[in-house]
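Source file: coords_1.cif. Holds: mmCIF, C-alpha atoms.
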data_protein
loop_
_atom_site.label_atom_id
_atom_site.label_comp_id
_atom_site.auth_asym_id
_atom_site.auth_seq_id
_atom_site.Cartn_x
_atom_site.Cartn_y
_atom_site.Cartn_z
CA MET C 1 21.40 -24.62 -8.61
CA PRO C 2 21.04 -26.36 -11.98
CA HIS C 3 22.98 -24.60 -14.71
CA GLY C 4 19.98 -24.45 -17.04
CA ASP C 5 17.89 -22.58 -14.47
CA ARG C 6 20.21 -19.58 -14.32
CA GLY C 7 18.58 -18.07 -17.42
CA ARG C 8 15.07 -18.18 -15.94
CA ARG C 9 13.77 -14.74 -14.98
CA VAL C 10 12.73 -14.37 -11.34
CA HIS C 11 9.86 -11.97 -10.67
CA LEU C 12 10.03 -10.43 -7.19
CA ASP C 13 8.04 -7.23 -7.79
CA THR C 14 4.46 -8.31 -7.21
CA ALA C 15 3.87 -5.20 -5.09
CA GLY C 16 4.60 -3.10 -8.18
CA LEU C 17 2.90 -5.26 -10.81
CA GLY C 18 1.96 -8.89 -10.38
CA ARG C 19 2.54 -11.40 -13.16
CA MET C 20 -0.82 -11.82 -14.84
CA PRO C 21 -1.96 -15.47 -15.06
CA ALA C 22 -2.14 -16.86 -18.58
CA ALA C 23 -5.92 -17.17 -18.40
CA ALA C 24 -6.31 -13.51 -17.44
CA ARG C 25 -3.87 -12.36 -20.12
CA ALA C 26 -5.76 -14.36 -22.73
CA GLN C 27 -9.07 -12.76 -21.70
CA LEU C 28 -7.54 -9.28 -21.79
CA THR C 29 -6.16 -9.90 -25.29
CA GLU C 30 -9.35 -11.48 -26.62
CA TRP C 31 -11.72 -8.78 -25.43
CA THR C 32 -9.39 -5.94 -26.42
CA ARG C 33 -9.36 -7.35 -29.94
CA HIS C 34 -13.13 -7.85 -29.82
CA GLU C 35 -13.64 -4.20 -28.90
CA ASP C 36 -11.29 -3.12 -31.68
CA ARG C 37 -13.28 -5.11 -34.25
CA HIS C 38 -16.84 -4.68 -33.04
CA GLY C 39 -16.82 -1.55 -30.90
CA PRO C 40 -17.30 -1.14 -27.15
CA CYS C 41 -21.03 -1.91 -26.93
CA GLU C 42 -20.68 -5.68 -27.13
CA VAL C 43 -17.90 -5.67 -24.55
CA ASP C 44 -19.96 -3.48 -22.23
CA GLU C 45 -22.97 -5.77 -22.57
CA HIS C 46 -20.83 -8.84 -21.88
CA VAL C 47 -19.34 -7.17 -18.81
CA HIS C 48 -22.73 -6.02 -17.53
CA HIS C 49 -24.67 -9.25 -18.05
CA VAL C 50 -22.02 -11.95 -17.63
CA VAL C 51 -18.84 -10.70 -15.96
CA ARG C 52 -20.08 -8.28 -13.30
CA PRO C 53 -22.30 -10.79 -11.47
CA GLU C 54 -19.35 -13.19 -11.28
CA LEU C 55 -16.87 -10.47 -10.33
CA ASP C 56 -19.15 -8.97 -7.68
CA ALA C 57 -19.54 -12.41 -6.09
CA ARG C 58 -15.79 -13.00 -6.16
CA LEU C 59 -14.99 -9.58 -4.68
CA ALA C 60 -17.58 -10.12 -1.96
CA ALA C 61 -16.01 -13.47 -1.04
CA LEU C 62 -12.49 -12.04 -1.22
CA LEU C 63 -13.27 -9.03 0.98
CA GLY C 64 -15.76 -10.60 3.38
CA ALA C 65 -18.35 -8.08 2.20
CA PRO C 66 -22.01 -8.43 1.24
CA ALA C 67 -22.58 -8.93 -2.48
CA GLY C 68 -23.38 -5.65 -4.18
CA ASP C 69 -21.48 -3.44 -1.74
CA THR C 70 -18.40 -3.13 -3.99
CA VAL C 71 -17.82 -0.70 -6.83
CA LEU C 72 -15.16 -0.72 -9.54
CA ALA C 73 -12.70 2.09 -10.17
CA THR C 74 -9.49 2.64 -12.08
CA GLY C 75 -7.53 2.10 -8.86
CA ALA C 76 -7.66 2.33 -5.08
CA ALA C 77 -6.24 5.85 -4.99
CA ASP C 78 -8.78 7.03 -7.57
CA ALA C 79 -11.65 5.55 -5.56
CA PHE C 80 -10.38 7.20 -2.36
CA ALA C 81 -9.98 10.54 -4.16
CA ALA C 82 -13.52 10.37 -5.58
CA LEU C 83 -15.29 9.37 -2.37
CA VAL C 84 -13.50 10.84 0.65
CA PRO C 85 -13.64 14.55 -0.34
CA ARG C 86 -17.46 14.29 -0.37
CA LEU C 87 -17.70 13.43 3.31
CA PRO C 88 -19.61 16.11 5.26
CA LEU C 89 -16.84 17.17 7.65
CA GLY C 90 -16.58 20.60 9.23
CA PRO C 91 -14.81 22.69 11.90
CA GLY C 92 -14.42 20.75 15.11
CA ASP C 93 -14.01 17.41 13.34
CA ARG C 94 -10.73 15.50 13.50
CA ILE C 95 -9.17 13.20 10.92
CA TRP C 96 -6.66 10.55 11.95
CA THR C 97 -4.06 9.14 9.62
CA THR C 98 -0.79 7.29 10.23
CA PRO C 99 2.89 7.76 9.35
CA TYR C 100 2.47 4.95 6.80
CA GLU C 101 -0.21 6.77 4.76
CA GLY C 102 0.47 6.86 1.03
CA VAL C 103 1.03 10.22 -0.63
CA ALA C 104 -2.07 10.01 -2.86
CA ASN C 105 -4.42 9.48 0.08
CA LEU C 106 -2.51 11.98 2.21
CA THR C 107 -2.98 14.62 -0.48
CA VAL C 108 -6.74 13.97 -0.41
CA LEU C 109 -6.83 14.21 3.38
CA THR C 110 -4.90 17.49 3.52
CA SER C 111 -7.21 18.94 0.88
CA LEU C 112 -10.26 17.81 2.86
CA ARG C 113 -8.76 19.33 5.99
CA ASP C 114 -8.26 22.67 4.26
CA ARG C 115 -11.74 22.71 2.73
CA ALA C 116 -13.57 21.61 5.87
CA ARG C 117 -11.29 23.55 8.22
CA CYS C 118 -10.97 20.52 10.46
CA ARG C 119 -7.89 19.00 12.09
CA LEU C 120 -5.61 16.33 10.67
CA GLU C 121 -3.72 14.29 13.25
CA VAL C 122 -1.15 11.53 12.82
CA VAL C 123 -1.34 8.56 15.17
CA PRO C 124 2.05 8.05 16.85
CA LEU C 125 4.20 4.95 16.57
CA ARG C 126 5.55 2.75 19.31
CA PRO C 127 9.34 2.47 19.55
CA ASP C 128 9.18 -0.78 17.56
CA GLY C 129 7.34 0.88 14.67
CA ASP C 130 3.84 -0.44 15.33
CA LEU C 131 0.97 2.00 15.64
CA ASP C 132 0.32 3.02 19.22
CA LEU C 133 -3.08 1.42 19.80
CA GLU C 134 -3.06 2.45 23.45
CA TRP C 135 -2.81 6.07 22.34
CA MET C 136 -5.71 5.55 19.95
CA ALA C 137 -7.88 4.01 22.67
CA ALA C 138 -7.05 6.85 25.06
CA HIS C 139 -7.69 9.69 22.59
CA ILE C 140 -10.64 8.50 20.53
CA ASP C 141 -13.85 10.46 20.99
CA ASP C 142 -16.75 11.60 18.87
CA ASP C 143 -14.76 14.52 17.47
CA VAL C 144 -12.87 11.98 15.34
CA ALA C 145 -14.88 11.83 12.12
CA LEU C 146 -12.54 9.83 9.85
CA VAL C 147 -9.67 7.41 10.40
CA SER C 148 -7.54 6.39 7.39
CA VAL C 149 -5.10 3.47 7.69
CA ALA C 150 -2.92 1.55 5.23
CA HIS C 151 -3.18 -2.20 5.89
CA VAL C 152 0.30 -2.59 4.34
CA PRO C 153 2.18 0.56 3.25
CA ALA C 154 3.96 0.99 -0.06
CA GLY C 155 7.42 1.45 1.42
CA CYS C 156 7.89 -1.51 3.77
CA GLY C 157 6.34 -4.81 4.81
CA ILE C 158 4.76 -3.93 8.15
CA VAL C 159 1.23 -5.31 8.65
CA THR C 160 -1.06 -2.90 10.46
CA PRO C 161 -3.47 -4.54 12.95
CA VAL C 162 -6.54 -3.21 11.15
CA GLU C 163 -8.96 -5.48 13.03
CA ASP C 164 -7.67 -4.28 16.41
CA ILE C 165 -8.08 -0.69 15.24
CA GLY C 166 -11.61 -1.46 14.11
CA ARG C 167 -12.52 -2.72 17.58
CA ILE C 168 -11.19 0.50 19.13
CA LEU C 169 -13.20 2.66 16.73
CA ALA C 170 -16.42 0.61 16.71
CA PRO C 171 -18.19 2.35 19.64
CA HIS C 172 -17.63 5.78 18.10
CA ARG C 173 -19.23 7.67 15.22
CA CYS C 174 -16.13 7.93 13.02
CA LEU C 175 -15.85 6.43 9.54
CA TYR C 176 -12.96 4.00 9.10
CA ALA C 177 -11.11 3.75 5.76
CA VAL C 178 -8.56 1.02 5.02
CA ASP C 179 -6.22 1.03 2.02
CA ALA C 180 -5.70 -2.65 1.22
CA SER C 181 -3.82 -2.11 -2.05
CA TYR C 182 -0.68 -3.95 -0.87
CA ALA C 183 -2.53 -6.43 1.34
CA VAL C 184 -5.37 -7.92 -0.68
CA GLY C 185 -4.20 -11.01 -2.51
CA GLN C 186 -1.37 -11.77 -0.10
CA LEU C 187 -3.12 -11.47 3.28
CA PRO C 188 -6.63 -12.28 4.50
CA VAL C 189 -8.74 -9.13 4.11
CA ASP C 190 -12.19 -9.26 5.69
CA ALA C 191 -14.07 -5.97 5.76
CA GLY C 192 -16.61 -7.35 8.21
CA ARG C 193 -13.97 -8.40 10.72
CA ILE C 194 -12.03 -5.17 10.19
CA GLY C 195 -15.16 -3.11 10.81
CA CYS C 196 -14.28 -0.49 8.20
CA GLN C 197 -16.76 1.55 6.17
CA LEU C 198 -14.44 2.04 3.17
CA LEU C 199 -11.91 -0.46 1.87
CA THR C 200 -9.99 0.19 -1.34
CA GLY C 201 -7.72 -2.07 -3.37
CA ASP C 202 -5.81 -2.40 -6.64
CA GLY C 203 -6.31 -5.31 -8.98
CA TRP C 204 -2.82 -5.37 -10.49
CA ARG C 205 -0.59 -6.11 -7.50
CA PHE C 206 -1.04 -9.32 -5.51
CA LEU C 207 -4.33 -10.09 -7.27
CA ARG C 208 -2.37 -10.10 -10.57
CA GLY C 209 -5.04 -8.49 -12.71
CA PRO C 210 -4.43 -5.84 -15.37
CA GLU C 211 -3.38 -2.28 -14.61
CA SER C 212 -5.93 0.50 -14.16
CA VAL C 213 -8.62 -1.59 -12.49
CA GLY C 214 -9.38 -1.51 -8.78
CA PHE C 215 -12.32 -1.56 -6.42
CA ALA C 216 -13.82 -0.20 -3.24
CA TYR C 217 -16.12 -1.65 -0.61
CA LEU C 218 -18.64 0.85 0.75
CA ALA C 219 -20.48 -0.03 3.96
CA PRO C 220 -24.08 1.17 4.42
CA GLU C 221 -22.93 3.89 6.84
CA LEU C 222 -20.65 5.37 4.19
CA ARG C 223 -23.30 5.11 1.49
CA GLN C 224 -25.67 7.00 3.75
CA ALA C 225 -23.09 9.74 4.36
CA LEU C 226 -22.53 10.02 0.61
CA ALA C 227 -26.22 9.74 -0.32
CA PRO C 228 -26.55 13.39 -1.40
CA TYR C 229 -23.58 12.94 -3.74
CA GLY C 230 -23.52 9.27 -4.80
CA THR C 231 -20.62 7.50 -6.48
CA ALA C 232 -21.30 8.50 -10.07
CA SER C 233 -17.99 10.35 -10.37
CA LEU C 234 -15.92 7.17 -10.07
CA ALA C 235 -13.88 6.63 -13.23
CA LEU C 236 -14.81 3.17 -14.49
CA PRO C 237 -12.15 0.80 -15.85
CA GLU C 238 -12.24 -0.40 -19.43
CA GLY C 239 -14.37 -3.46 -20.16
CA ALA C 240 -11.53 -5.77 -21.18
CA SER C 241 -9.71 -4.99 -17.92
CA VAL C 242 -12.78 -5.96 -15.93
CA VAL C 243 -12.99 -9.29 -17.77
CA ALA C 244 -9.30 -9.94 -17.09
CA LEU C 245 -9.60 -9.11 -13.38
CA ASN C 246 -12.47 -11.56 -13.09
CA ALA C 247 -10.30 -14.24 -14.71
CA ALA C 248 -7.38 -13.44 -12.37
CA LEU C 249 -9.64 -13.78 -9.32
CA ALA C 250 -10.90 -17.12 -10.65
CA VAL C 251 -7.29 -18.34 -10.86
CA ALA C 252 -6.64 -17.07 -7.33
CA GLU C 253 -9.69 -18.96 -6.06
CA ASP C 254 -8.45 -22.19 -7.62
CA ALA C 255 -4.97 -21.66 -6.18
CA ALA C 256 -6.39 -20.99 -2.71
CA LEU C 257 -8.29 -24.27 -2.80
CA ALA C 258 -5.03 -26.08 -3.62
CA VAL C 259 -3.06 -24.56 -0.69
CA PRO C 260 -3.13 -26.59 2.57
CA GLU C 261 -4.55 -24.75 5.56
CA ASP C 262 -1.23 -25.03 7.40
CA ALA C 263 0.85 -23.51 4.57
CA GLY C 264 0.92 -20.04 6.08
CA LEU C 265 3.09 -18.80 8.92
CA ALA C 266 6.40 -20.56 8.48
CA VAL C 267 8.19 -18.09 10.72
CA PRO C 268 6.64 -16.26 13.72
CA GLY C 269 5.90 -12.65 12.87
CA ASP C 270 5.53 -13.28 9.13
CA ALA C 271 2.02 -12.97 7.74
CA GLY C 272 0.45 -14.69 4.77
CA PRO C 273 1.20 -17.82 2.75
CA ALA C 274 4.38 -16.21 1.36
CA GLY C 275 5.57 -15.06 4.79
CA GLY C 276 8.11 -17.84 5.26
CA LEU C 277 9.67 -17.14 1.88
CA ALA C 278 9.86 -13.43 2.66
CA ALA C 279 11.70 -14.29 5.88
CA VAL C 280 14.33 -16.08 3.77
CA LEU C 281 14.74 -12.94 1.66
CA ARG C 282 15.11 -10.77 4.77
CA THR C 283 17.78 -13.10 6.09
CA ALA C 284 19.67 -12.78 2.79
CA VAL C 285 19.55 -8.98 3.10
CA GLU C 286 20.63 -9.00 6.75
CA GLU C 287 23.63 -11.17 5.86
CA THR C 288 24.73 -8.76 3.12
CA PRO C 289 27.50 -6.37 4.24
CA GLY C 290 26.42 -2.75 3.93
CA ALA C 291 22.71 -3.58 3.55
CA GLU C 292 20.11 -1.98 5.79
CA LEU C 293 16.77 -3.72 6.17
CA ILE C 294 13.72 -1.47 6.59
CA ALA C 295 11.35 -3.61 8.63
CA PRO C 296 9.51 -1.70 11.35
CA GLY C 297 6.90 -3.44 13.47
CA ARG C 298 6.41 -6.93 14.85
CA VAL C 299 4.54 -8.52 11.92
CA GLN C 300 5.89 -8.52 8.38
CA CYS C 301 4.36 -9.71 5.11
CA GLY C 302 5.68 -10.64 1.68
CA ILE C 303 7.33 -7.24 1.07
CA VAL C 304 11.02 -6.81 1.95
CA THR C 305 12.58 -3.34 1.68
CA PHE C 306 16.24 -2.43 2.07
CA ARG C 307 18.95 -0.03 0.96
CA HIS C 308 22.71 -0.28 0.65
CA ALA C 309 25.34 2.07 1.99
CA GLU C 310 27.38 2.16 -1.24
CA MET C 311 24.97 1.49 -4.12
CA PRO C 312 21.89 3.64 -4.83
CA ALA C 313 18.60 1.79 -4.97
CA GLY C 314 18.01 2.46 -8.66
CA LEU C 315 21.44 1.21 -9.64
CA LEU C 316 21.06 -1.90 -7.47
CA ARG C 317 17.64 -2.63 -8.96
CA ARG C 318 19.10 -2.45 -12.46
CA ALA C 319 22.05 -4.64 -11.46
CA LEU C 320 19.65 -7.31 -10.18
CA ALA C 321 17.53 -7.04 -13.34
CA ALA C 322 20.65 -7.59 -15.46
CA ARG C 323 21.08 -10.85 -13.55
CA GLY C 324 17.52 -11.96 -14.21
CA VAL C 325 15.95 -10.91 -10.91
CA VAL C 326 13.14 -8.36 -11.20
CA VAL C 327 12.62 -6.24 -8.07
CA GLY C 328 11.05 -2.85 -7.47
CA LYS C 329 12.06 0.46 -5.99
CA THR C 330 10.24 2.63 -3.50
CA VAL C 331 10.88 6.32 -2.84
CA ALA C 332 10.35 8.38 0.28
CA GLN C 333 7.70 10.45 -1.50
CA GLU C 334 5.37 7.44 -1.56
CA THR C 335 5.01 7.60 2.24
CA PRO C 336 6.16 11.13 3.10
CA LEU C 337 5.28 10.93 6.80
CA TYR C 338 7.52 7.91 7.28
CA SER C 339 11.17 8.16 6.35
CA PRO C 340 13.37 5.83 8.41
CA GLY C 341 16.62 7.56 9.27
CA ARG C 342 15.45 10.74 7.49
CA LYS C 343 18.28 10.35 4.99
CA ALA C 344 17.70 7.94 2.10
CA THR C 345 15.21 8.89 -0.56
CA ALA C 346 14.90 5.48 -2.23
CA ALA C 347 15.09 1.80 -1.32
CA VAL C 348 14.91 -1.55 -3.08
CA ARG C 349 11.57 -3.32 -2.62
CA VAL C 350 11.38 -7.10 -3.04
CA SER C 351 7.94 -8.72 -2.95
CA VAL C 352 6.92 -12.33 -3.28
CA HIS C 353 3.72 -14.00 -4.41
CA HIS C 354 2.32 -17.38 -3.44
CA ASP C 355 3.71 -18.88 -6.65
CA ASN C 356 7.30 -17.87 -5.93
CA SER C 357 9.59 -20.68 -4.84
CA ALA C 358 12.56 -21.34 -2.61
CA TRP C 359 14.64 -21.39 -5.81
CA ASP C 360 13.57 -17.80 -6.50
CA ALA C 361 14.76 -16.74 -3.05
CA ALA C 362 18.08 -18.51 -3.55
CA ARG C 363 18.54 -16.86 -6.94
CA PHE C 364 17.85 -13.43 -5.39
CA ALA C 365 20.48 -14.03 -2.71
CA GLU C 366 23.03 -15.09 -5.32
CA ALA C 367 22.25 -12.15 -7.62
CA LEU C 368 22.51 -9.74 -4.68
CA ARG C 369 25.96 -11.07 -3.81
CA GLU C 370 27.05 -10.77 -7.44
CA ALA C 371 25.69 -7.23 -7.82
CA LEU C 372 27.45 -6.05 -4.65
CA ALA C 373 30.73 -7.88 -5.17
CA GLY C 374 33.52 -5.64 -3.94
CA ARG C 375 31.15 -3.35 -2.06
CA GLY C 376 29.90 -3.30 1.49
CA HIS C 377 33.13 -2.27 3.19
CA HIS C 378 31.36 0.53 5.04
CA ALA C 379 29.03 -1.21 7.43
CA VAL C 380 25.66 0.26 8.33
CA PRO C 381 23.06 -0.97 10.81
CA THR C 382 21.56 -4.21 9.51
CA ALA C 383 17.96 -3.23 10.10
CA VAL C 384 15.62 -0.33 10.70
CA ARG C 385 13.10 -2.21 12.79
CA ALA C 386 12.15 0.52 15.23
CA ALA C 387 10.67 3.53 13.52
CA ALA C 388 10.54 7.07 14.76
CA PRO C 389 7.43 8.11 16.66
CA ALA C 390 4.86 9.80 14.48
CA PRO C 391 6.22 13.19 13.48
CA ALA C 392 2.88 14.90 13.47
CA ALA C 393 1.49 17.78 15.23
CA VAL C 394 -1.52 18.94 13.33
CA ALA C 395 -2.03 22.29 11.71
CA ALA C 396 -5.65 23.33 11.36
CA GLY C 397 -7.19 24.71 8.17
CA GLY C 398 -4.62 25.96 5.75
CA GLY C 399 -1.22 25.03 7.24
CA ALA C 400 0.92 22.13 6.14
CA VAL C 401 1.02 18.96 8.21
CA ALA C 402 4.14 19.64 10.25
CA ALA C 403 6.57 17.95 12.57
CA PRO C 404 6.69 19.09 16.19
CA ALA C 405 8.19 22.54 16.37
CA ALA C 406 8.01 25.63 18.46
CA GLY C 407 4.40 26.56 19.11
CA LEU C 408 2.96 23.28 17.81
CA ARG C 409 1.55 20.45 19.92
CA ALA C 410 2.84 16.99 19.06
CA VAL C 411 0.31 14.19 18.98
CA GLY C 412 2.81 11.52 20.06
CA ALA C 413 5.34 11.59 22.83
CA GLY C 414 9.08 11.82 22.46
CA PRO C 415 11.45 13.42 19.93
CA VAL C 416 11.57 12.48 16.30
CA ALA C 417 14.46 10.12 15.65
CA GLY C 418 16.95 10.93 12.95
CA ALA C 419 16.02 14.60 12.79
CA GLY C 420 19.53 15.75 12.12
CA ALA C 421 23.00 15.71 13.59
CA ALA C 422 22.02 17.97 16.45
CA GLY C 423 18.67 16.27 17.00
CA ALA C 424 16.72 19.36 16.00
CA VAL C 425 13.48 18.90 14.12
CA PRO C 426 12.91 21.16 11.12
CA ALA C 427 9.98 23.52 11.52
CA ALA C 428 8.16 21.71 8.72
CA GLY C 429 9.62 18.23 8.86
CA VAL C 430 6.60 16.73 7.13
CA PRO C 431 6.48 18.50 3.78
CA ARG C 432 3.26 19.18 1.97
CA PRO C 433 2.77 17.38 -1.34
CA ARG C 434 2.31 19.40 -4.49
CA ARG C 435 2.75 18.80 -8.20
CA THR C 436 5.64 20.38 -10.04
CA ALA C 437 5.81 21.00 -13.76
CA GLY C 438 7.56 18.37 -15.80
CA ARG C 439 7.32 15.64 -13.15
CA ARG C 440 4.93 12.73 -13.02
CA HIS C 441 5.33 12.18 -9.28
CA LEU C 442 4.52 14.39 -6.32
CA ALA C 443 7.40 16.57 -5.20
CA LEU C 444 7.52 17.33 -1.51
CA VAL C 445 8.11 20.95 -0.60
CA CYS C 446 8.62 22.15 2.95
CA ALA C 447 6.52 25.07 4.13
CA PRO C 448 8.50 27.98 5.62
CA ALA C 449 8.92 28.20 9.35
CA PRO C 450 7.12 30.96 11.28
CA ASP C 451 10.31 33.00 11.38
CA GLY C 452 10.57 32.89 7.59
CA THR C 453 13.34 30.33 7.39
CA ALA C 454 13.03 27.23 5.21
#

As structure tokens, how would this structure be written, given the file I've shared?
Amino acid sequence: MPHGDRGRRVHLDTAGLGRMPAAARAQLTEWTRHEDRHGPCEVDEHVHHVVRPELDARLAALLGAPAGDTVLATGAADAFAALVPRLPLGPGDRIWTTPYEGVANLTVLTSLRDRARCRLEVVPLRPDGDLDLEWMAAHIDDDVALVSVAHVPAGCGIVTPVEDIGRILAPHRCLYAVDASYAVGQLPVDAGRIGCQLLTGDGWRFLRGPESVGFAYLAPELRQALAPYGTASLALPEGASVVALNAALAVAEDAALAVPEDAGLAVPGDAGPAGGLAAVLRTAVEETPGAELIAPGRVQCGIVTFRHAEMPAGLLRRALAARGVVVGKTVAQETPLYSPGRKATAAVRVSVHHDNSAWDAARFAEALREALAGRGHHAVPTAVRAAAPAPAAVAAGGGAVAAPAAGLRAVGAGPVAGAGAAGAVPAAGVPRPRRTAGRRHLALVCAPAPDGTA
């Protein structure tokens, strides 16, 4: 590569925080200064009369939703936490989630289960890591009141077939919630085609807006269920952030118009306009001695996750940053029901945007080789493509969501892979999230087994 390009910083952490377009950054700066000088009223009036009509129209087009059916929030997780606990569930109802559910939404679901004294079940995985849609079709009935699915999880690049799930659920009375935080902006997201009643998203990842602004689509069925409670408790984002998100979506619209229709799937099994570039990154990881790719499922997107046998994820992330390549890190606590291999607690997460280039991928490969020079003598499997079946049996009202154990009925078939040297599954293999003093993240604490052991 040209010598002068080596000093250019490569951003490959869009899943953590997308690079804000210059136009959006300028709007954020301008209206933050305006609020500082003139107070919030003028900003609020500008947002209400000028920006919101434009933003609502752009969100409707982006999400395939009717205009006016979206609401703003400070983030997808905040919207989910404000709306889902209000659903009128009770004993006899069942909630379905998946092993790829994020910890924030999982915490809300376990709390709802405990309050409503209903059941929380985890849909099993196929041997290749995809959700078992045949199991869903065979077990769905009108006892299932809520199904929560991540379109793309935080910890790996698998793309969940949300539209196929929607077709399975459509004849039944359940509400269908989709977390599109890591999908919207990199993949087509159409709430109408998905058939969901709640779709949440963040504005600061692949949409490249400012932090602390997100949105939710609420279908009429969900609005009716929430009618006694409304959505007034949603924490609204600051006015300048709303203006900047609108500007970021305008840039995304212009970019989409400039992309040829055939610029998408460069490699079979890779989704989205950046899928071909992500495949190049995965190849670079697979060719790295000692690296282990975490890529369950048959369809991948622009997120590539891996770990190395000899260098911890945090240290490797910093080594890449020192070489001008910005990547992210994901920890097992972000998706506590899915932990490939049941050993590593952290992995490096590389994520590309439509504006990344082949040069960026080549620079990542070079920086990875430099960072791991002299390492990689202890080989590990090159990929974790087949995930363990879902580890969930479901405890009703009050117990922690637990792995199959004595006296508990597993939802999926087959043992849990990677459960230990002897193959035994801990009595509470899926720990229950709770906050601990002095930590900003959720620590995962295993509930005691029935015999009193940990």

Calculate how many Å separate atom CA of C:Ala116 from atom CA of C:Asp164, rounding to one decimal.
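Atom CA of C:Asp164 lies at a distance of 28.6 Å from atom CA of C:Ala116.
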
From the set C:Leu72, C:Ala227, C:Leu169, C:Ala322, which residue has the shortest atom-to-atom contact distance to C:Leu133, counting all atoms listed in the file?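 Between C:Leu72, C:Ala227, C:Leu169, C:Ala322, the residue approaching C:Leu133 most closely is C:Leu169.
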
Please measure the separation of atom CA of C:Gly157 and atom CA of C:Gln300, giving the value in Å to one decimal.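 So the two atoms, atom CA of C:Gly157 and atom CA of C:Gln300, lie 5.2 Å apart.
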
If you count only C-alpha atoms, which residues fall within 9 Å of C:Tyr100, apart from same-chain ones fewer than 5 positions away, as a count of residues only? 11

Let me know the residues the PyMOL selection byres ((chain C and resi 180-189) around 8) catches in the file above, as an mmCIF file with C-alpha atoms, in the frame of the given file.
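Once written, expr.cif looks like this:
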data_model
loop_
_atom_site.group_PDB
_atom_site.id
_atom_site.type_symbol
_atom_site.label_atom_id
_atom_site.label_comp_id
_atom_site.auth_asym_id
_atom_site.auth_seq_id
_atom_site.Cartn_x
_atom_site.Cartn_y
_atom_site.Cartn_z
ATOM 1 C CA ALA C 15 3.870 -5.200 -5.090
ATOM 2 C CA LEU C 62 -12.490 -12.040 -1.220
ATOM 3 C CA LEU C 63 -13.270 -9.030 0.980
ATOM 4 C CA GLY C 64 -15.760 -10.600 3.380
ATOM 5 C CA ALA C 76 -7.660 2.330 -5.080
ATOM 6 C CA ALA C 150 -2.920 1.550 5.230
ATOM 7 C CA HIS C 151 -3.180 -2.200 5.890
ATOM 8 C CA VAL C 152 0.300 -2.590 4.340
ATOM 9 C CA PRO C 153 2.180 0.560 3.250
ATOM 10 C CA ALA C 154 3.960 0.990 -0.060
ATOM 11 C CA VAL C 178 -8.560 1.020 5.020
ATOM 12 C CA ASP C 179 -6.220 1.030 2.020
ATOM 13 C CA ASP C 190 -12.190 -9.260 5.690
ATOM 14 C CA ALA C 191 -14.070 -5.970 5.760
ATOM 15 C CA ILE C 194 -12.030 -5.170 10.190
ATOM 16 C CA LEU C 199 -11.910 -0.460 1.870
ATOM 17 C CA THR C 200 -9.990 0.190 -1.340
ATOM 18 C CA GLY C 201 -7.720 -2.070 -3.370
ATOM 19 C CA ASP C 202 -5.810 -2.400 -6.640
ATOM 20 C CA ARG C 205 -0.590 -6.110 -7.500
ATOM 21 C CA PHE C 206 -1.040 -9.320 -5.510
ATOM 22 C CA LEU C 207 -4.330 -10.090 -7.270
ATOM 23 C CA ALA C 271 2.020 -12.970 7.740
ATOM 24 C CA GLY C 272 0.450 -14.690 4.770
ATOM 25 C CA PRO C 273 1.200 -17.820 2.750
ATOM 26 C CA ALA C 274 4.380 -16.210 1.360
ATOM 27 C CA CYS C 301 4.360 -9.710 5.110
ATOM 28 C CA GLY C 302 5.680 -10.640 1.680
ATOM 29 C CA HIS C 353 3.720 -14.000 -4.410
ATOM 30 C CA HIS C 354 2.320 -17.380 -3.440
#

Expand the PyMOL selection byres ((chain C and resi 29) around 12) into the individual residues it matches in the shown file, reporting them as a PDB file with C-alpha atoms, in the coordinates of the input.
ATOM      1  CA  MET C  20      -0.820 -11.820 -14.840  1.00  0.00           C
ATOM      2  CA  ALA C  22      -2.140 -16.860 -18.580  1.00  0.00           C
ATOM      3  CA  ALA C  23      -5.920 -17.170 -18.400  1.00  0.00           C
ATOM      4  CA  ALA C  24      -6.310 -13.510 -17.440  1.00  0.00           C
ATOM      5  CA  ARG C  25      -3.870 -12.360 -20.120  1.00  0.00           C
ATOM      6  CA  ALA C  26      -5.760 -14.360 -22.730  1.00  0.00           C
ATOM      7  CA  GLN C  27      -9.070 -12.760 -21.700  1.00  0.00           C
ATOM      8  CA  LEU C  28      -7.540  -9.280 -21.790  1.00  0.00           C
ATOM      9  CA  GLU C  30      -9.350 -11.480 -26.620  1.00  0.00           C
ATOM     10  CA  TRP C  31     -11.720  -8.780 -25.430  1.00  0.00           C
ATOM     11  CA  THR C  32      -9.390  -5.940 -26.420  1.00  0.00           C
ATOM     12  CA  ARG C  33      -9.360  -7.350 -29.940  1.00  0.00           C
ATOM     13  CA  HIS C  34     -13.130  -7.850 -29.820  1.00  0.00           C
ATOM     14  CA  GLU C  35     -13.640  -4.200 -28.900  1.00  0.00           C
ATOM     15  CA  ASP C  36     -11.290  -3.120 -31.680  1.00  0.00           C
ATOM     16  CA  PRO C 210      -4.430  -5.840 -15.370  1.00  0.00           C
ATOM     17  CA  GLY C 239     -14.370  -3.460 -20.160  1.00  0.00           C
ATOM     18  CA  ALA C 240     -11.530  -5.770 -21.180  1.00  0.00           C
ATOM     19  CA  SER C 241      -9.710  -4.990 -17.920  1.00  0.00           C
ATOM     20  CA  VAL C 243     -12.990  -9.290 -17.770  1.00  0.00           C
ATOM     21  CA  ALA C 244      -9.300  -9.940 -17.090  1.00  0.00           C
TER      22      ALA C 244
END

If you measure from atom CA of C:Ala79 to atom CA of C:Leu234, what distance in Å do you get, rounded to one decimal?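 Pair atom CA of C:Ala79 / atom CA of C:Leu234 returns 6.4 Å.
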